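Reading through the structure tokens given below for one structure.
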Amino acid sequence: MTDRPEYDNLTIGVVALQGSFAKHAFSMGKLGIKCRAVREPEDLKLIDALILPGGESTTMTLLLEEEGLWEPMNEVLKTMPVFGTCAGAILLGQQIDDERVHCFNRIDYKAERNAYGRQIESFKTSLIIPSMLDHDFHAIFIRAPKFREIKPTVQSLAVFGADPVLMRQDNVLVASFHPELTEDPGIHKYFVDEIVLKSR
Amino acid sequence: MTKELFEVKTGLAEMLKGGVIMDVTTPEQAKIAEQAGAVAVMALERIPADIRRDGGIARASDPKMIKEIQESVSIPVMAKCRIGHFAEAQVLEALEIDYIDESEVLTPADEANHIWKHDFKTPFVCGATNLAEALRRIGEGAALIRTKGEPGTGNIVEAVRHMRTITTEMANLSVLRTDELMAAAKNMGAPFHLVAQVAETGKLPVPNFSAGGIATPADASLMMQLGAETIFVGSGIFKSEDSEAMARAIVQAATFFDKPEKLAEISEGLGKAMKGLDMVEINPEDRMQDRGW
């Protein structure tokens with residue numbers, strides 16, 4: 001299928017309860033990597049890594065809990081590589097100051113939701129990601145979060161102004177923007193090549 | 001308008017996919033909607049069923065009421081302006097509304113022109129009954145299309161008609177030869193570049209949601225199976241017997257729309273859905289879907 005045989009046996013799960021899950025599957029599809037929608041606990045048994053997409057973190061928290069996905073996901077995420085964008089990045093952080101949103105505590109920061117403001121403050125910008133890409137990345141920020149109390153365990157891969165917007169801690173990758181909305185699958189490729197394949 | 005800004009506008013709609021956007025008239029309703037898992041709320045003074053009942057001129061809501069709703073929830077807040085009423089839209093933009101609905105539910109302000117939506121930084125959603133209408137709105141700058149349906153009826157028949165019409169018309173375009181597309185654009189009365197784009201991709205250039213008459217989880221499932229990516233519920237929630245249960249159930253139905261066993265479980269014991277209106281009970285001049293063009 002692809003010129004990368006190591007991709008052939010990979011299945012990336014995308015949590016598909018609400019949000020930009022189809023866009024993530026499309027980005028992975030460009031790399032020739034297959035995805036599986038994760039909506040029920042059984043789906044977690046059939047995947048090598050997980051993506052938590054953008055969307056509304058309140059809605060996702062509710063659906064993850066109602067569908068009995070929270071606990072099994074919390075369990076597999078102790079070892080499974082995971083990539084979270086925007087709302088996904090919020091859910092992967094440490095507990096935040098909003099009882100309606102719950103967190104998996106997989107990366108050492110606290111998220112502040114909608115920190116840039118409402119939609120009118122949403123924007124697109126070029127990011128330099130030296131450790132990952134030899135070209136600028138067009139990043140779309142939608143009602144994006146910011147991250148506070150970032151511990152030294154977290155590696156910042158890109159910043160916008162003073163704020164880290166792309167970060168990694170072990171096999172967890174997070175972006176406060178939406179790589180899935182951009183044509184360029186470069187960040188998805190990094191996740192697969194540098195995190196998923198190397199943690200096998 | 002730059003391509004960048006348009007991507008930021010459609011970007012928020014992408015984040016709302018697989019979700020439910022609920023009409024709310026008070027901060028209390030907004031909180032119920034958020035707690036039930038709504039991805040956004042539509043702030044308005046009267047839900048469509050009451051606008052239909054009360055008559056008179058329906059205008060954009062009081063900024064005070066909109067602000068109170070904005071302060072009560074963390075999810076995006078949308079609000080409606082009248083068709084063609086760009087000054088109401090400017091007010092909504094000043095309030096930093098997340099999405100503006102140029103809506104047939106309110107009394108139109110201009111019978112000839114819709115708002116030139118490219119002038120705004122705030123994204124717009126517009127209703128459509130067919131593909132040409134959808135493409136005209138996108139040509140004006142709409143970043144999200146929804147079926148009009150027949151608002152405030154709790155009757156799904158018109159939303160189904162509109163969604164089926166749009167998808168059939170897209171399929172018909174996709175089989176045309178390139179040299180037939182200009183004639184198609186002329187006959188449709190839609191911008192050529194958008195007609196050509198739909199012919200090539202087979203889908204709308206912006207997200208495609210559904211509104212107008214959704215009253216049960218099965219209604220939501222039906223519209224999602226017909227191609228809607230997200231559901232707007234207007235009167236269907238707060239005109240039902242148990243609003244909280246209905247809100248939660250419709251949220252779950254938008255996720256599990258293709259799992260009938262799950263829908264059966266979700267739909268159980270929800271109490272009465274809104275009473276609703278048959279289309280024959282509505283005078284032709286009272287049809288909201290015929291507002292705009």
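Labeling convention for the structure tokens: chains A, B, ... as they appear, residues from 1 per chain, ligands from 1 in order of appearance.
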
Find the spatial neighbours of Leu131 in chain B, counting only C-alpha atoms, within a cut-off of 9 Å - ignore same-chain residues fewer than 2 positions away - and output them as a list of chain:residue names.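 In the requested form, the answer reads B:Ala128, B:Thr129, B:Glu133, B:Ala134, B:Leu135, B:Arg136, B:His162, B:Thr165, B:Ile166, B:Thr167, B:Thr168, B:Glu169, B:Met170, B:Met188, B:Ala190, B:Leu204.
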
Go ahead and dump the residues you just picked, C-alpha atoms, as an mmCIF file, in the first residue's frame.
```cif
data_model
loop_
_atom_site.group_PDB
_atom_site.id
_atom_site.type_symbol
_atom_site.label_atom_id
_atom_site.label_comp_id
_atom_site.auth_asym_id
_atom_site.auth_seq_id
_atom_site.Cartn_x
_atom_site.Cartn_y
_atom_site.Cartn_z
ATOM 1 C CA ALA B 128 -30.648 26.336 2.535
ATOM 2 C CA THR B 129 -33.414 24.323 0.910
ATOM 3 C CA GLU B 133 -29.243 28.329 -2.369
ATOM 4 C CA ALA B 134 -26.416 26.793 -0.298
ATOM 5 C CA LEU B 135 -23.821 27.851 -2.884
ATOM 6 C CA ARG B 136 -25.180 31.405 -3.082
ATOM 7 C CA HIS B 162 -33.871 19.784 1.955
ATOM 8 C CA THR B 165 -32.364 17.650 -2.375
ATOM 9 C CA ILE B 166 -28.889 18.988 -1.583
ATOM 10 C CA THR B 167 -27.217 15.566 -1.695
ATOM 11 C CA THR B 168 -29.012 14.508 -4.885
ATOM 12 C CA GLU B 169 -28.098 17.774 -6.587
ATOM 13 C CA MET B 170 -24.464 17.330 -5.561
ATOM 14 C CA MET B 188 -28.937 26.838 -10.899
ATOM 15 C CA ALA B 190 -25.138 29.680 -8.351
ATOM 16 C CA LEU B 204 -20.147 21.170 -0.039
#
```

Among range 121-289 of chain B, which ones does DSSP place in strand (DSSP E or B), written as a PyMOL selection string? chain B and resi 124-128+144-147+208-210+231-233

Shell around range 94-111 of chain A at 10 Å using only C-alpha atoms, local window under 5 positions removed, as a ChimeraX atom specification: /A:56-62,64-65,70-71,73-75,77-79,82,86-89,145-154,167-174,176 /B:34-35,37,74

Interface list for chain A, partner chain B, 8 Å threshold, only C-alpha atoms, as a VMD selection string: chain A and resid 16 to 20 54 to 56 58 to 60 62 to 63 100 118 to 120 122 to 124 140 to 142 181

Based on the selection just made, write N, CA and C atoms of those residues as a tab-separated table (two decimals), in the first residue's frame.
```tsv
chain	number	residue	atom	x	y	z
A	16	ALA	N	-13.96	9.01	18.43
A	16	ALA	CA	-14.92	9.54	17.46
A	16	ALA	C	-16.28	9.77	18.10
A	17	LEU	N	-16.29	10.45	19.23
A	17	LEU	CA	-17.55	10.75	19.89
A	17	LEU	C	-18.10	12.09	19.43
A	18	GLN	N	-17.20	13.04	19.21
A	18	GLN	CA	-17.61	14.38	18.78
A	18	GLN	C	-16.34	15.12	18.39
A	19	GLY	N	-16.44	15.98	17.38
A	19	GLY	CA	-15.31	16.85	17.02
A	19	GLY	C	-14.67	16.49	15.70
A	20	SER	N	-13.37	16.82	15.59
A	20	SER	CA	-12.70	16.77	14.30
A	20	SER	C	-12.06	15.41	14.02
A	54	GLY	N	-9.89	17.51	18.34
A	54	GLY	CA	-10.48	18.76	18.78
A	54	GLY	C	-11.99	18.61	18.84
A	55	GLY	N	-12.62	19.51	19.57
A	55	GLY	CA	-14.08	19.46	19.74
A	55	GLY	C	-14.40	20.23	20.99
A	56	GLU	N	-15.49	19.88	21.64
A	56	GLU	CA	-15.83	20.54	22.90
A	56	GLU	C	-15.48	19.62	24.06
A	58	THR	N	-16.23	19.71	27.17
A	58	THR	CA	-17.34	19.36	28.07
A	58	THR	C	-18.15	18.21	27.48
A	59	THR	N	-18.43	18.29	26.18
A	59	THR	CA	-19.20	17.25	25.51
A	59	THR	C	-18.44	15.94	25.52
A	60	MET	N	-17.12	16.02	25.22
A	60	MET	CA	-16.33	14.79	25.17
A	60	MET	C	-16.23	14.12	26.53
A	62	LEU	N	-18.38	14.20	28.94
A	62	LEU	CA	-19.67	13.58	29.22
A	62	LEU	C	-19.85	12.27	28.46
A	63	LEU	N	-19.54	12.30	27.16
A	63	LEU	CA	-19.76	11.11	26.34
A	63	LEU	C	-18.78	10.00	26.73
A	100	ARG	N	-16.65	20.40	34.98
A	100	ARG	CA	-17.35	19.73	33.88
A	100	ARG	C	-16.39	19.00	32.96
A	118	ARG	N	-12.90	34.33	22.56
A	118	ARG	CA	-13.96	33.70	21.76
A	118	ARG	C	-13.51	33.54	20.31
A	119	GLN	N	-14.43	33.05	19.47
A	119	GLN	CA	-14.08	32.73	18.08
A	119	GLN	C	-13.44	33.90	17.34
A	120	ILE	N	-13.86	35.12	17.66
A	120	ILE	CA	-13.33	36.29	16.94
A	120	ILE	C	-11.82	36.41	17.13
A	122	SER	N	-9.89	33.71	17.20
A	122	SER	CA	-9.26	32.54	16.55
A	122	SER	C	-8.42	33.02	15.37
A	123	PHE	N	-7.37	32.26	15.03
A	123	PHE	CA	-6.45	32.77	14.01
A	123	PHE	C	-5.65	31.64	13.38
A	124	LYS	N	-4.97	32.03	12.27
A	124	LYS	CA	-4.04	31.10	11.63
A	124	LYS	C	-2.67	31.76	11.61
A	140	ILE	N	-3.76	26.40	12.69
A	140	ILE	CA	-5.06	27.04	12.90
A	140	ILE	C	-5.45	26.87	14.36
A	141	PHE	N	-5.65	28.00	15.02
A	141	PHE	CA	-6.03	28.02	16.44
A	141	PHE	C	-7.50	28.39	16.54
A	142	ILE	N	-8.33	27.51	17.10
A	142	ILE	CA	-9.76	27.77	17.24
A	142	ILE	C	-10.12	27.80	18.72
A	181	LEU	N	-6.56	20.21	10.62
A	181	LEU	CA	-7.28	21.09	9.70
A	181	LEU	C	-6.37	21.59	8.58
```

Can you list, as number ranges by chain, every residue of range 9-172 of chain A that DSSP puts in alpha helix (DSSP H)? A: 21-30, 57-66, 70-76, 87-92

Just the residues within 6 Å of Glu180 in chain A, please, counting only C-alpha atoms, with nothing from its chain fewer than 2 positions along; format it as a VMD selection string. chain A and resid 23 to 24 178 182

Go ahead and dump the residues you just picked, N, CA and C atoms, as a PDB file, in the first residue's frame.
```
ATOM      1  N   LYS A  23     -11.281  14.480  10.338  1.00  0.00           N
ATOM      2  CA  LYS A  23     -10.127  15.213   9.794  1.00  0.00           C
ATOM      3  C   LYS A  23      -8.815  14.539  10.197  1.00  0.00           C
ATOM      4  N   HIS A  24      -8.749  14.009  11.414  1.00  0.00           N
ATOM      5  CA  HIS A  24      -7.543  13.288  11.840  1.00  0.00           C
ATOM      6  C   HIS A  24      -7.356  12.027  10.993  1.00  0.00           C
ATOM      7  N   HIS A 178      -4.766  22.994  15.599  1.00  0.00           N
ATOM      8  CA  HIS A 178      -5.411  21.880  14.904  1.00  0.00           C
ATOM      9  C   HIS A 178      -4.626  21.413  13.676  1.00  0.00           C
ATOM     10  N   THR A 182      -5.110  21.223   8.616  1.00  0.00           N
ATOM     11  CA  THR A 182      -4.151  21.713   7.639  1.00  0.00           C
ATOM     12  C   THR A 182      -3.821  20.591   6.654  1.00  0.00           C
TER      13      THR A 182
END
```

Nearest candidate to Gly84 in chain B (options B:Gln197, B:Ser240, B:Thr216, B:Ser103; using only C-alpha atoms): B:Ser103
